Every structure is written in C-alpha cells, then in structure tokens.
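**Student:** Next up, upload.cif (mmCIF, C-alpha atoms).
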```cif
data_entry
loop_
_atom_site.group_PDB
_atom_site.id
_atom_site.type_symbol
_atom_site.label_atom_id
_atom_site.label_comp_id
_atom_site.auth_asym_id
_atom_site.auth_seq_id
_atom_site.Cartn_x
_atom_site.Cartn_y
_atom_site.Cartn_z
ATOM 1 C CA MET A 65 -8.119 -159.259 -107.251
ATOM 2 C CA ARG A 66 -4.896 -158.699 -109.141
ATOM 3 C CA THR A 67 -1.831 -159.064 -106.975
ATOM 4 C CA PRO A 68 1.043 -156.756 -107.947
ATOM 5 C CA THR A 69 4.423 -158.340 -108.449
ATOM 6 C CA ILE A 70 7.988 -157.124 -108.328
ATOM 7 C CA ASP A 71 9.955 -157.611 -111.514
ATOM 8 C CA ALA A 72 13.197 -159.546 -111.399
ATOM 9 C CA ARG A 73 16.144 -157.233 -110.701
ATOM 10 C CA SER A 74 19.832 -157.455 -111.418
ATOM 11 C CA GLU A 75 22.098 -159.661 -109.360
ATOM 12 C CA SER A 76 23.915 -156.522 -108.201
ATOM 13 C CA LYS A 77 21.041 -155.696 -105.846
ATOM 14 C CA LYS A 78 21.331 -158.913 -103.880
ATOM 15 C CA ASN A 79 21.657 -158.380 -100.129
ATOM 16 C CA ARG A 80 21.292 -154.578 -100.489
ATOM 17 C CA PRO A 81 18.026 -153.641 -98.744
ATOM 18 C CA ALA A 82 18.348 -149.957 -99.673
ATOM 19 C CA ALA A 83 18.358 -150.847 -103.373
ATOM 20 C CA VAL A 84 14.987 -152.620 -103.172
ATOM 21 C CA LEU A 85 13.208 -150.745 -100.362
ATOM 22 C CA ASN A 86 11.419 -148.369 -102.733
ATOM 23 C CA ASP A 87 10.297 -151.272 -104.931
ATOM 24 C CA ILE A 88 8.910 -153.097 -101.892
ATOM 25 C CA ARG A 89 7.188 -149.951 -100.664
ATOM 26 C CA PHE A 90 5.577 -149.465 -104.085
ATOM 27 C CA TRP A 91 4.420 -153.095 -104.092
ATOM 28 C CA PHE A 92 2.942 -152.766 -100.601
ATOM 29 C CA LEU A 93 1.008 -149.585 -101.393
ATOM 30 C CA GLU A 94 -0.357 -151.090 -104.613
ATOM 31 C CA TYR A 95 -1.262 -154.317 -102.808
ATOM 32 C CA ALA A 96 -3.053 -152.479 -99.982
ATOM 33 C CA ALA A 97 -4.899 -150.258 -102.456
ATOM 34 C CA GLY A 98 -6.412 -153.348 -104.054
ATOM 35 C CA TYR A 99 -8.574 -154.034 -100.999
ATOM 36 C CA GLY A 100 -11.818 -152.328 -100.020
ATOM 37 C CA GLN A 101 -12.530 -150.564 -103.279
ATOM 38 C CA GLY A 102 -16.188 -149.543 -103.599
ATOM 39 C CA ASP A 103 -17.043 -150.360 -99.975
ATOM 40 C CA PRO A 104 -16.491 -147.432 -97.567
ATOM 41 C CA ASP A 105 -16.681 -149.604 -94.445
ATOM 42 C CA GLN A 106 -14.154 -152.124 -95.712
ATOM 43 C CA HIS A 107 -11.928 -149.392 -97.109
ATOM 44 C CA TYR A 108 -11.829 -147.771 -93.670
ATOM 45 C CA HIS A 109 -10.582 -150.955 -92.001
ATOM 46 C CA PHE A 110 -8.001 -151.664 -94.690
ATOM 47 C CA GLU A 111 -6.822 -148.060 -94.448
ATOM 48 C CA LEU A 112 -6.233 -148.557 -90.713
ATOM 49 C CA LYS A 113 -3.821 -151.388 -91.471
ATOM 50 C CA ARG A 114 -2.130 -149.525 -94.312
ATOM 51 C CA ARG A 115 -1.416 -146.556 -92.037
ATOM 52 C CA HIS A 116 -0.367 -148.832 -89.170
ATOM 53 C CA SER A 117 2.142 -150.585 -91.433
ATOM 54 C CA LEU A 118 3.630 -147.295 -92.584
ATOM 55 C CA ARG A 119 3.941 -146.069 -88.989
ATOM 56 C CA VAL A 120 5.580 -149.309 -87.844
ATOM 57 C CA CYS A 121 8.007 -148.963 -90.763
ATOM 58 C CA ALA A 122 8.936 -145.509 -89.448
ATOM 59 C CA GLN A 123 9.027 -146.822 -85.881
ATOM 60 C CA MET A 124 11.453 -149.561 -86.872
ATOM 61 C CA LYS A 125 13.690 -147.006 -88.573
ATOM 62 C CA HIS A 126 13.772 -144.916 -85.395
ATOM 63 C CA LEU A 127 14.396 -147.934 -83.173
ATOM 64 C CA ALA A 128 17.167 -149.200 -85.468
ATOM 65 C CA ARG A 129 18.911 -145.839 -85.286
ATOM 66 C CA GLU A 130 18.594 -145.789 -81.510
ATOM 67 C CA LEU A 131 20.209 -149.230 -81.435
ATOM 68 C CA GLY A 132 23.108 -147.985 -83.579
ATOM 69 C CA LEU A 133 22.475 -150.338 -86.498
ATOM 70 C CA SER A 134 24.184 -149.936 -89.861
ATOM 71 C CA SER A 135 22.441 -148.367 -92.857
ATOM 72 C CA PRO A 136 21.671 -151.768 -94.495
ATOM 73 C CA GLU A 137 20.283 -152.999 -91.165
ATOM 74 C CA ILE A 138 18.106 -149.895 -90.828
ATOM 75 C CA ASP A 139 16.667 -150.592 -94.280
ATOM 76 C CA THR A 140 16.056 -154.226 -93.325
ATOM 77 C CA ALA A 141 14.202 -153.050 -90.221
ATOM 78 C CA ARG A 142 12.044 -150.761 -92.382
ATOM 79 C CA ILE A 143 11.181 -153.612 -94.753
ATOM 80 C CA ILE A 144 10.115 -155.803 -91.840
ATOM 81 C CA GLY A 145 7.986 -153.019 -90.376
ATOM 82 C CA LEU A 146 6.322 -152.292 -93.702
ATOM 83 C CA LEU A 147 5.477 -155.932 -94.478
ATOM 84 C CA HIS A 148 4.756 -157.327 -91.010
ATOM 85 C CA ASP A 149 0.947 -157.084 -91.353
ATOM 86 C CA VAL A 150 0.514 -157.961 -95.035
ATOM 87 C CA GLY A 151 -1.633 -160.911 -93.945
ATOM 88 C CA ARG A 152 -4.169 -158.575 -92.345
ATOM 89 C CA PHE A 153 -5.628 -157.519 -95.704
ATOM 90 C CA GLU A 154 -6.602 -161.003 -96.822
ATOM 91 C CA GLN A 155 -7.710 -161.807 -93.276
ATOM 92 C CA TYR A 156 -10.229 -158.975 -93.166
ATOM 93 C CA ALA A 157 -11.330 -159.494 -96.763
ATOM 94 C CA ARG A 158 -12.227 -163.120 -96.027
ATOM 95 C CA PHE A 159 -13.445 -163.002 -92.423
ATOM 96 C CA ARG A 160 -14.362 -159.344 -91.671
ATOM 97 C CA THR A 161 -12.329 -159.487 -88.473
ATOM 98 C CA TYR A 162 -8.784 -158.952 -87.247
ATOM 99 C CA ALA A 163 -9.146 -161.587 -84.508
ATOM 100 C CA ASP A 164 -6.747 -164.410 -85.364
ATOM 101 C CA SER A 165 -8.542 -166.792 -82.999
ATOM 102 C CA VAL A 166 -11.667 -166.879 -85.189
ATOM 103 C CA SER A 167 -10.087 -166.406 -88.603
ATOM 104 C CA LEU A 168 -6.462 -167.103 -89.554
ATOM 105 C CA ASP A 169 -2.956 -166.497 -88.236
ATOM 106 C CA HIS A 170 -2.277 -163.194 -89.986
ATOM 107 C CA ALA A 171 1.492 -163.401 -89.426
ATOM 108 C CA ALA A 172 1.805 -166.843 -91.006
ATOM 109 C CA ALA A 173 -0.516 -165.784 -93.837
ATOM 110 C CA GLY A 174 1.584 -162.685 -94.472
ATOM 111 C CA ALA A 175 4.821 -164.673 -94.540
ATOM 112 C CA ASP A 176 3.291 -167.093 -97.040
ATOM 113 C CA ILE A 177 2.066 -164.251 -99.290
ATOM 114 C CA ILE A 178 5.483 -162.576 -99.289
ATOM 115 C CA GLN A 179 7.215 -165.838 -100.177
ATOM 116 C CA SER A 180 4.723 -166.922 -102.827
ATOM 117 C CA LYS A 181 4.842 -163.547 -104.603
ATOM 118 C CA GLY A 182 8.639 -163.300 -104.472
ATOM 119 C CA ILE A 183 8.526 -159.896 -102.807
ATOM 120 C CA LEU A 184 12.005 -160.336 -101.325
ATOM 121 C CA ALA A 185 13.578 -162.003 -104.366
ATOM 122 C CA ASP A 186 16.165 -159.233 -104.760
ATOM 123 C CA LEU A 187 17.703 -160.080 -101.393
ATOM 124 C CA SER A 188 19.980 -162.965 -100.498
ATOM 125 C CA PRO A 189 18.275 -166.199 -99.356
ATOM 126 C CA ASP A 190 19.643 -165.747 -95.835
ATOM 127 C CA LEU A 191 18.326 -162.188 -95.500
ATOM 128 C CA GLN A 192 14.990 -163.262 -96.969
ATOM 129 C CA GLU A 193 14.739 -165.944 -94.297
ATOM 130 C CA GLN A 194 15.591 -163.446 -91.540
ATOM 131 C CA ILE A 195 12.798 -161.136 -92.673
ATOM 132 C CA ILE A 196 10.266 -163.946 -93.119
ATOM 133 C CA CYS A 197 11.018 -165.328 -89.637
ATOM 134 C CA ALA A 198 10.503 -161.908 -88.075
ATOM 135 C CA ILE A 199 7.138 -161.515 -89.802
ATOM 136 C CA ARG A 200 6.007 -165.079 -89.078
ATOM 137 C CA TYR A 201 6.688 -164.818 -85.331
ATOM 138 C CA HIS A 202 5.807 -161.194 -84.608
ATOM 139 C CA ASN A 203 2.365 -162.087 -83.195
ATOM 140 C CA LYS A 204 3.145 -165.300 -81.333
ATOM 141 C CA ALA A 205 2.878 -165.636 -77.556
ATOM 142 C CA ALA A 206 6.635 -166.207 -77.506
ATOM 143 C CA ILE A 207 9.491 -166.503 -79.984
ATOM 144 C CA PRO A 208 10.495 -170.173 -80.434
ATOM 145 C CA ALA A 209 13.598 -171.032 -78.433
ATOM 146 C CA GLU A 210 15.276 -172.515 -81.497
ATOM 147 C CA LEU A 211 15.164 -169.183 -83.338
ATOM 148 C CA SER A 212 18.610 -167.646 -82.882
ATOM 149 C CA GLY A 213 21.050 -165.053 -84.217
ATOM 150 C CA ARG A 214 19.733 -162.374 -86.562
ATOM 151 C CA ARG A 215 16.452 -164.233 -87.004
ATOM 152 C CA ARG A 216 15.749 -163.893 -83.317
ATOM 153 C CA PHE A 217 17.009 -160.304 -83.230
ATOM 154 C CA TRP A 218 14.636 -159.135 -85.982
ATOM 155 C CA ALA A 219 11.717 -161.043 -84.456
ATOM 156 C CA ARG A 220 12.314 -159.302 -81.130
ATOM 157 C CA MET A 221 12.635 -155.923 -82.813
ATOM 158 C CA ILE A 222 9.399 -156.084 -84.830
ATOM 159 C CA ARG A 223 7.515 -157.205 -81.730
ATOM 160 C CA ASP A 224 8.673 -153.970 -80.072
ATOM 161 C CA GLY A 225 7.961 -151.802 -83.101
ATOM 162 C CA ASP A 226 4.474 -153.259 -83.502
ATOM 163 C CA LYS A 227 3.529 -152.735 -79.844
ATOM 164 C CA LEU A 228 4.773 -149.157 -79.859
ATOM 165 C CA ASP A 229 2.161 -148.276 -82.483
ATOM 166 C CA ILE A 230 -0.600 -150.587 -81.218
ATOM 167 C CA TRP A 231 -0.536 -148.780 -77.857
ATOM 168 C CA ARG A 232 -1.197 -145.554 -79.730
ATOM 169 C CA VAL A 233 -4.094 -147.126 -81.670
ATOM 170 C CA ILE A 234 -5.821 -148.621 -78.637
ATOM 171 C CA LEU A 235 -5.567 -145.348 -76.728
ATOM 172 C CA SER A 236 -7.420 -143.700 -79.583
ATOM 173 C CA ASP A 237 -10.101 -146.373 -79.236
ATOM 174 C CA TYR A 238 -10.399 -145.842 -75.473
ATOM 175 C CA CYS A 239 -10.970 -142.144 -76.084
ATOM 176 C CA ARG A 240 -13.735 -143.050 -78.534
ATOM 177 C CA THR A 241 -15.431 -145.471 -76.140
ATOM 178 C CA ALA A 242 -15.241 -142.874 -73.365
ATOM 179 C CA ARG A 243 -17.294 -140.641 -75.678
ATOM 180 C CA LYS A 244 -19.652 -143.614 -76.245
ATOM 181 C CA GLU A 245 -18.509 -143.970 -79.839
ATOM 182 C CA PRO A 246 -17.782 -147.391 -81.395
ATOM 183 C CA ASP A 247 -14.153 -148.487 -81.257
ATOM 184 C CA VAL A 248 -12.463 -148.479 -84.635
ATOM 185 C CA THR A 249 -10.709 -151.829 -84.310
ATOM 186 C CA GLY A 250 -13.751 -153.763 -83.079
ATOM 187 C CA LEU A 251 -11.592 -155.638 -80.570
ATOM 188 C CA PHE A 252 -13.303 -154.474 -77.379
ATOM 189 C CA SER A 253 -17.015 -154.798 -78.053
ATOM 190 C CA CYS A 254 -17.315 -158.379 -76.790
ATOM 191 C CA TYR A 255 -15.933 -157.624 -73.304
ATOM 192 C CA PRO A 256 -18.279 -156.451 -70.521
ATOM 193 C CA ARG A 257 -17.567 -152.949 -69.246
ATOM 194 C CA ASN A 258 -17.761 -153.683 -65.535
ATOM 195 C CA PRO A 259 -15.205 -152.859 -62.830
ATOM 196 C CA ASP A 260 -14.024 -156.443 -62.313
ATOM 197 C CA ILE A 261 -10.590 -157.881 -63.044
ATOM 198 C CA SER A 262 -10.020 -161.620 -63.206
ATOM 199 C CA GLY A 263 -7.830 -163.412 -60.691
ATOM 200 C CA PRO A 264 -5.578 -165.114 -63.269
ATOM 201 C CA VAL A 265 -5.021 -161.793 -65.082
ATOM 202 C CA TYR A 266 -4.148 -160.006 -61.843
ATOM 203 C CA GLN A 267 -1.809 -162.820 -60.776
ATOM 204 C CA ALA A 268 -0.044 -162.919 -64.142
ATOM 205 C CA VAL A 269 0.759 -159.213 -63.835
ATOM 206 C CA LEU A 270 2.100 -159.614 -60.293
ATOM 207 C CA ASN A 271 4.216 -162.527 -61.556
ATOM 208 C CA THR A 272 5.689 -160.191 -64.211
ATOM 209 C CA THR A 273 4.372 -162.288 -67.070
ATOM 210 C CA THR A 274 2.263 -161.454 -70.086
ATOM 211 C CA VAL A 275 -1.435 -162.246 -69.828
ATOM 212 C CA ASP A 276 -2.953 -165.218 -71.635
ATOM 213 C CA LEU A 277 -5.814 -163.963 -73.804
ATOM 214 C CA ALA A 278 -7.816 -167.041 -72.778
ATOM 215 C CA GLU A 279 -7.922 -165.661 -69.210
ATOM 216 C CA VAL A 280 -9.326 -162.279 -70.273
ATOM 217 C CA VAL A 281 -12.981 -161.792 -69.323
ATOM 218 C CA THR A 282 -13.672 -158.070 -68.846
ATOM 219 C CA LEU A 283 -12.604 -154.859 -70.550
ATOM 220 C CA ASN A 284 -10.390 -154.071 -67.542
ATOM 221 C CA ASP A 285 -8.706 -157.444 -68.076
ATOM 222 C CA VAL A 286 -8.017 -156.333 -71.661
ATOM 223 C CA LYS A 287 -6.412 -153.124 -70.426
ATOM 224 C CA LEU A 288 -4.208 -154.919 -67.893
ATOM 225 C CA MET A 289 -3.209 -157.401 -70.600
ATOM 226 C CA GLN A 290 -2.211 -154.526 -72.870
ATOM 227 C CA MET A 291 -0.223 -152.796 -70.135
ATOM 228 C CA ALA A 292 1.483 -156.125 -69.357
ATOM 229 C CA TRP A 293 2.857 -156.212 -72.903
ATOM 230 C CA ILE A 294 5.664 -154.185 -71.325
ATOM 231 C CA PHE A 295 7.003 -157.503 -69.985
ATOM 232 C CA ASP A 296 7.566 -158.600 -73.590
ATOM 233 C CA LEU A 297 9.523 -155.533 -74.706
ATOM 234 C CA ASN A 298 13.101 -156.298 -75.677
ATOM 235 C CA PHE A 299 15.186 -153.150 -76.158
ATOM 236 C CA LYS A 300 16.021 -150.240 -73.885
ATOM 237 C CA PRO A 301 15.020 -147.545 -76.427
ATOM 238 C CA SER A 302 11.569 -149.167 -76.573
ATOM 239 C CA PHE A 303 11.141 -148.717 -72.815
ATOM 240 C CA HIS A 304 12.250 -145.113 -73.129
ATOM 241 C CA MET A 305 9.639 -144.483 -75.823
ATOM 242 C CA VAL A 306 6.846 -146.053 -73.769
ATOM 243 C CA ARG A 307 7.740 -143.930 -70.770
ATOM 244 C CA ARG A 308 8.153 -140.744 -72.785
ATOM 245 C CA ARG A 309 4.822 -141.207 -74.581
ATOM 246 C CA GLY A 310 2.983 -142.070 -71.370
ATOM 247 C CA TYR A 311 1.131 -145.053 -72.844
ATOM 248 C CA LEU A 312 0.705 -146.979 -69.598
ATOM 249 C CA LYS A 313 -0.348 -143.946 -67.598
ATOM 250 C CA LYS A 314 -2.947 -143.055 -70.217
ATOM 251 C CA ILE A 315 -4.439 -146.570 -70.271
ATOM 252 C CA TYR A 316 -4.537 -146.630 -66.476
ATOM 253 C CA ALA A 317 -6.382 -143.290 -66.488
ATOM 254 C CA THR A 318 -9.273 -144.985 -68.334
ATOM 255 C CA MET A 319 -9.737 -147.585 -65.567
ATOM 256 C CA PRO A 320 -11.859 -147.289 -62.406
ATOM 257 C CA PRO A 321 -10.293 -146.648 -58.983
ATOM 258 C CA ASP A 322 -9.625 -150.056 -57.482
ATOM 259 C CA PRO A 323 -6.894 -151.262 -55.077
ATOM 260 C CA LYS A 324 -6.102 -154.364 -57.157
ATOM 261 C CA ILE A 325 -5.886 -152.395 -60.382
ATOM 262 C CA LYS A 326 -3.617 -149.856 -58.695
ATOM 263 C CA SER A 327 -1.304 -152.532 -57.301
ATOM 264 C CA ALA A 328 -1.078 -154.171 -60.751
ATOM 265 C CA TYR A 329 -0.371 -150.811 -62.377
ATOM 266 C CA ASP A 330 2.261 -149.932 -59.768
ATOM 267 C CA HIS A 331 4.015 -153.244 -60.451
ATOM 268 C CA ILE A 332 3.956 -152.644 -64.215
ATOM 269 C CA LEU A 333 5.203 -149.086 -63.796
ATOM 270 C CA SER A 334 8.016 -150.219 -61.496
ATOM 271 C CA TYR A 335 9.112 -152.754 -64.126
ATOM 272 C CA LEU A 336 9.061 -150.074 -66.837
ATOM 273 C CA ASN A 337 11.136 -147.633 -64.797
ATOM 274 C CA SER A 338 13.650 -150.318 -63.863
ATOM 275 C CA ALA A 339 14.004 -151.573 -67.449
ATOM 276 C CA ALA A 340 14.446 -148.034 -68.768
ATOM 277 C CA ARG A 341 17.346 -147.471 -66.353
ATOM 278 C CA VAL A 342 19.270 -150.682 -67.033
#
```
Go ahead and render the structure in this file as structure tokens.

**Tutor:**
Amino acid sequence: MRTPTIDARSESKKNRPAAVLNDIRFWFLEYAAGYGQGDPDQHYHFELKRRHSLRVCAQMKHLARELGLSSPEIDTARIIGLLHDVGRFEQYARFRTYADSVSLDHAAAGADIIQSKGILADLSPDLQEQIICAIRYHNKAAIPAELSGRRRFWARMIRDGDKLDIWRVILSDYCRTARKEPDVTGLFSCYPRNPDISGPVYQAVLNTTTVDLAEVVTLNDVKLMQMAWIFDLNFKPSFHMVRRRGYLKKIYATMPPDPKIKSAYDHILSYLNSAARV
C-alpha cells in the first residue's frame, strides 16, 4: 500500500503547529483511506479508528481550551489527538485485532510510523519529540517517571482525551450487547457474561488504583476496570466532562444488582465527585 508523505516545507513553518496542522490532517485522512479498500468488514473497523481519531482531535482541542493553553499549544494538542492511534491501522491490517497483547503495541508502532515518514518534519526537533512521547506512552499502564516537563504534560493530556472518547465507544457497545447484537470493537466477546466480579479487581478499585488487565476474568470485571480508569485521569476539566456526560453512571446501569459492585461503584463515584471539586 502506498504511504502518503508530506513534502518538505519552508523553514519559516518550524515550531508553528497551526501552519502544518492542515497538512498533517490531510496526510492522516489519506493514510487512513488506504486501509480496508474492497473489504466491507475491514473498512468498517478502520473507519471506527478514523472517526475515533478525529473525535479525540476535537476532544483535545476542547480540553486545551479548558486548560487555558495558548493557540500554538491548542494546535499541538490537536495534532497529538489526530495521530495518537496511527498504529491501529497497521495493527488491524496485519493481525485483525485491536488487542495489543496478542498483536503489537499500537502506540509504539504509531510513533515509529510518524517518525519514519517524517510527518512532523515541519516542527522543531524538541516539539517533535514532545508529540512522539505523548503518542508512544498514551496506552501504557503508567507514564515513565523519567518523562518530565512538556513531554509528561502532553502524555497526560492525550491519555485523558483518549479515555473521554473510549468511554463513549464502549457505552455504544454495551447498548448493542444488551440488544444481543455483536459488539463493534470485538473486545468483550471473550469474557463470560456472568454476575461475578474477581477479588483482585474489586480490591484494586477499593484501593483507588487502576485494574490490571491480567486480573480481569468476567465482563463485569471489564466494566469495573473501565470505570476505574477515572483514577488515571489527570485534569479537572476531564473530571467535569465525565460527570456531565454520565459515563460511569451509564456503565453501572448495565451491571447486575450486587452489593460488591455497588460498593465499588460508590467508591469510584466518590472519587470522581471529589476530583471534580478540587
């Protein structure tokens, strides 16, 4: 498949994200369009990631404005949001899955693609590195302690922006499974739909920590894990958006009545309300 490239630009554009944002957006749309042609099933899955990337781009713009960032910083945030899942296209093309554990690290793959194709060449080396770091670490269990300054800031921000759209996507899937339709992401089919929750998952939530995917056994474990992502949010406007959109309440509404599930949900909700007030 032909990979589109961005032509070399003038030196005057260096370190000016607004001057290259449209070029990067054009490259991304052309790159995404190159996958799934002639195969309706594949096209559908690639289209999910294309739309997700565009929504996260918009989400990052909104979050950046809420944080009072400058215009160049807002454009940087949009670039990160747009490119954060570039690795997903090659991942699905090669492995027919979006599960990193059985395929490849899509964040690392995306960072490598962006660097090898010179997608950020019109920006200064330092700004390129900030963007690449954010993309490379957006899916990791935790941001490396040695990542500091603007590199750490952007990594924290894209992790928020990504989650804010993923919650929307998974809620759509839960509505489909409630109607006994297949989930669109294919991430839930391997988990038994019984009322159980695992002890380690329950304890992680009560300890106000994110859930290790290795401890997840049932679909209800998956849902608690996804609600516990709230413990990894970083910015006050993100908490406000989660509360306003009712993501956690809507996920909880898909779960069976159970005292342990309720106590875990109450703990998560208390954390959300407290973080939104700080």

**Student:** Name the residues that the PyMOL selection byres ((chain A and resi 216-230) around 7) pulls out of this structure, and write them as a compact mmCIF listing (two decimals) with C-alpha atoms, in the coordinates of the input.

**Tutor:**
```txt
# COMPACT_ATOMS: atom_id res chain seq x y z
CA VAL A 120 5.58 -149.31 -87.84
CA GLN A 123 9.03 -146.82 -85.88
CA MET A 124 11.45 -149.56 -86.87
CA GLY A 145 7.99 -153.02 -90.38
CA CYS A 197 11.02 -165.33 -89.64
CA ALA A 198 10.50 -161.91 -88.08
CA TYR A 201 6.69 -164.82 -85.33
CA HIS A 202 5.81 -161.19 -84.61
CA LEU A 211 15.16 -169.18 -83.34
CA SER A 212 18.61 -167.65 -82.88
CA GLY A 213 21.05 -165.05 -84.22
CA ARG A 214 19.73 -162.37 -86.56
CA ARG A 215 16.45 -164.23 -87.00
CA TRP A 231 -0.54 -148.78 -77.86
CA ARG A 232 -1.20 -145.55 -79.73
CA VAL A 233 -4.09 -147.13 -81.67
CA ILE A 234 -5.82 -148.62 -78.64
CA LEU A 297 9.52 -155.53 -74.71
CA ASN A 298 13.10 -156.30 -75.68
CA SER A 302 11.57 -149.17 -76.57
```

**Student:** Please indicate the distance in Å from atom CA of Pro301 of chain A to atom CA of Leu333 of chain A, rounded to one decimal place.

**Tutor:** 16.1 Å

**Student:** Choose the residue, out of A:Lys313, A:Lys204, A:Arg257, A:Lys181, that has the smallest atom-to-atom separation from Asp296 of chain A; count all atoms listed in the file.

**Tutor:**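 The answer is A:Lys204, which sits nearest to Asp296 of chain A.
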
**Student:** Identify all residues satisfying the PyMOL selection byres ((chain A and resi 280) around 10) in the given file; provide them as a list of chain:residue names.

**Tutor:**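 Checked against the file, the PyMOL selection byres ((chain A and resi 280) around 10) matches A:Tyr255, A:Ile261, A:Ser262, A:Gly263, A:Pro264, A:Val265, A:Val275, A:Asp276, A:Leu277, A:Ala278, A:Glu279, A:Val281, A:Thr282, A:Leu283, A:Asn284, A:Asp285, A:Val286, A:Lys287, A:Leu288, A:Met289.
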
**Student:** Residues near Arg80 of chain A, anyone? I mean within 9 Å using all atoms listed in the file, not counting same-chain ones fewer than 6 positions away, as a PyMOL selection string.

**Tutor:** chain A and resi 136+139-140+186-188

**Student:** Measure the distance from atom CA of Asn271 of chain A to atom CA of Ile315 of chain A in Å and round it to one decimal.

**Tutor:**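 Distance between the two atoms: 20.1 Å.
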
**Student:** Smallest atom-to-atom distance to Met291 of chain A: which of A:Tyr329, A:Phe92, A:Phe153, A:Phe303, using all atoms listed in the file?

**Tutor:**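 That would be A:Tyr329, the residue with the smallest distance to Met291 of chain A.
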
**Student:** Give me the result of the PyMOL selection byres ((chain A and resi 331) around 12) on this file, residue by residue, as a list in words.

**Tutor:**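 With the shown file as input, the PyMOL selection byres ((chain A and resi 331) around 12) matches Tyr266, Gln267, Ala268, Val269, Leu270, Asn271, Thr272, Thr273, Leu288, Met291, Ala292, Ile294, Phe295, Leu312, Lys324, Ile325, Lys326, Ser327, Ala328, Tyr329, Asp330, Ile332, Leu333, Ser334, Tyr335, Leu336, Asn337 and Ser338 of chain A.
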
**Student:** What does the structure give for the distance between atom CA of Ala175 of chain A and atom CA of Ile196 of chain A, in Å to one decimal?

**Tutor:**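 Interatomic distance here is 5.7 Å.
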
**Student:** With all atoms listed in the file as the basis for distance, which of A:Glu111, A:Ser236, A:Arg307, A:Glu210 is at the shortest distance from Gly98 of chain A?

**Tutor:**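 For Gly98 of chain A, the nearest of the candidates is A:Glu111.
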
**Student:** So that I can check the surroundings of Leu85 of chain A, please list as a list in words every protein, DNA and RNA residue that reaches within 9 Å of it, counting only C-alpha atoms and ignoring chain neighbours fewer than 2 positions away.

**Tutor:**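 Answer for this query is Arg80, Pro81, Ala82, Ala83, Asp87, Ile88, Arg89, Phe90, Asp139, Thr140, Arg142 and Ile143 of chain A.
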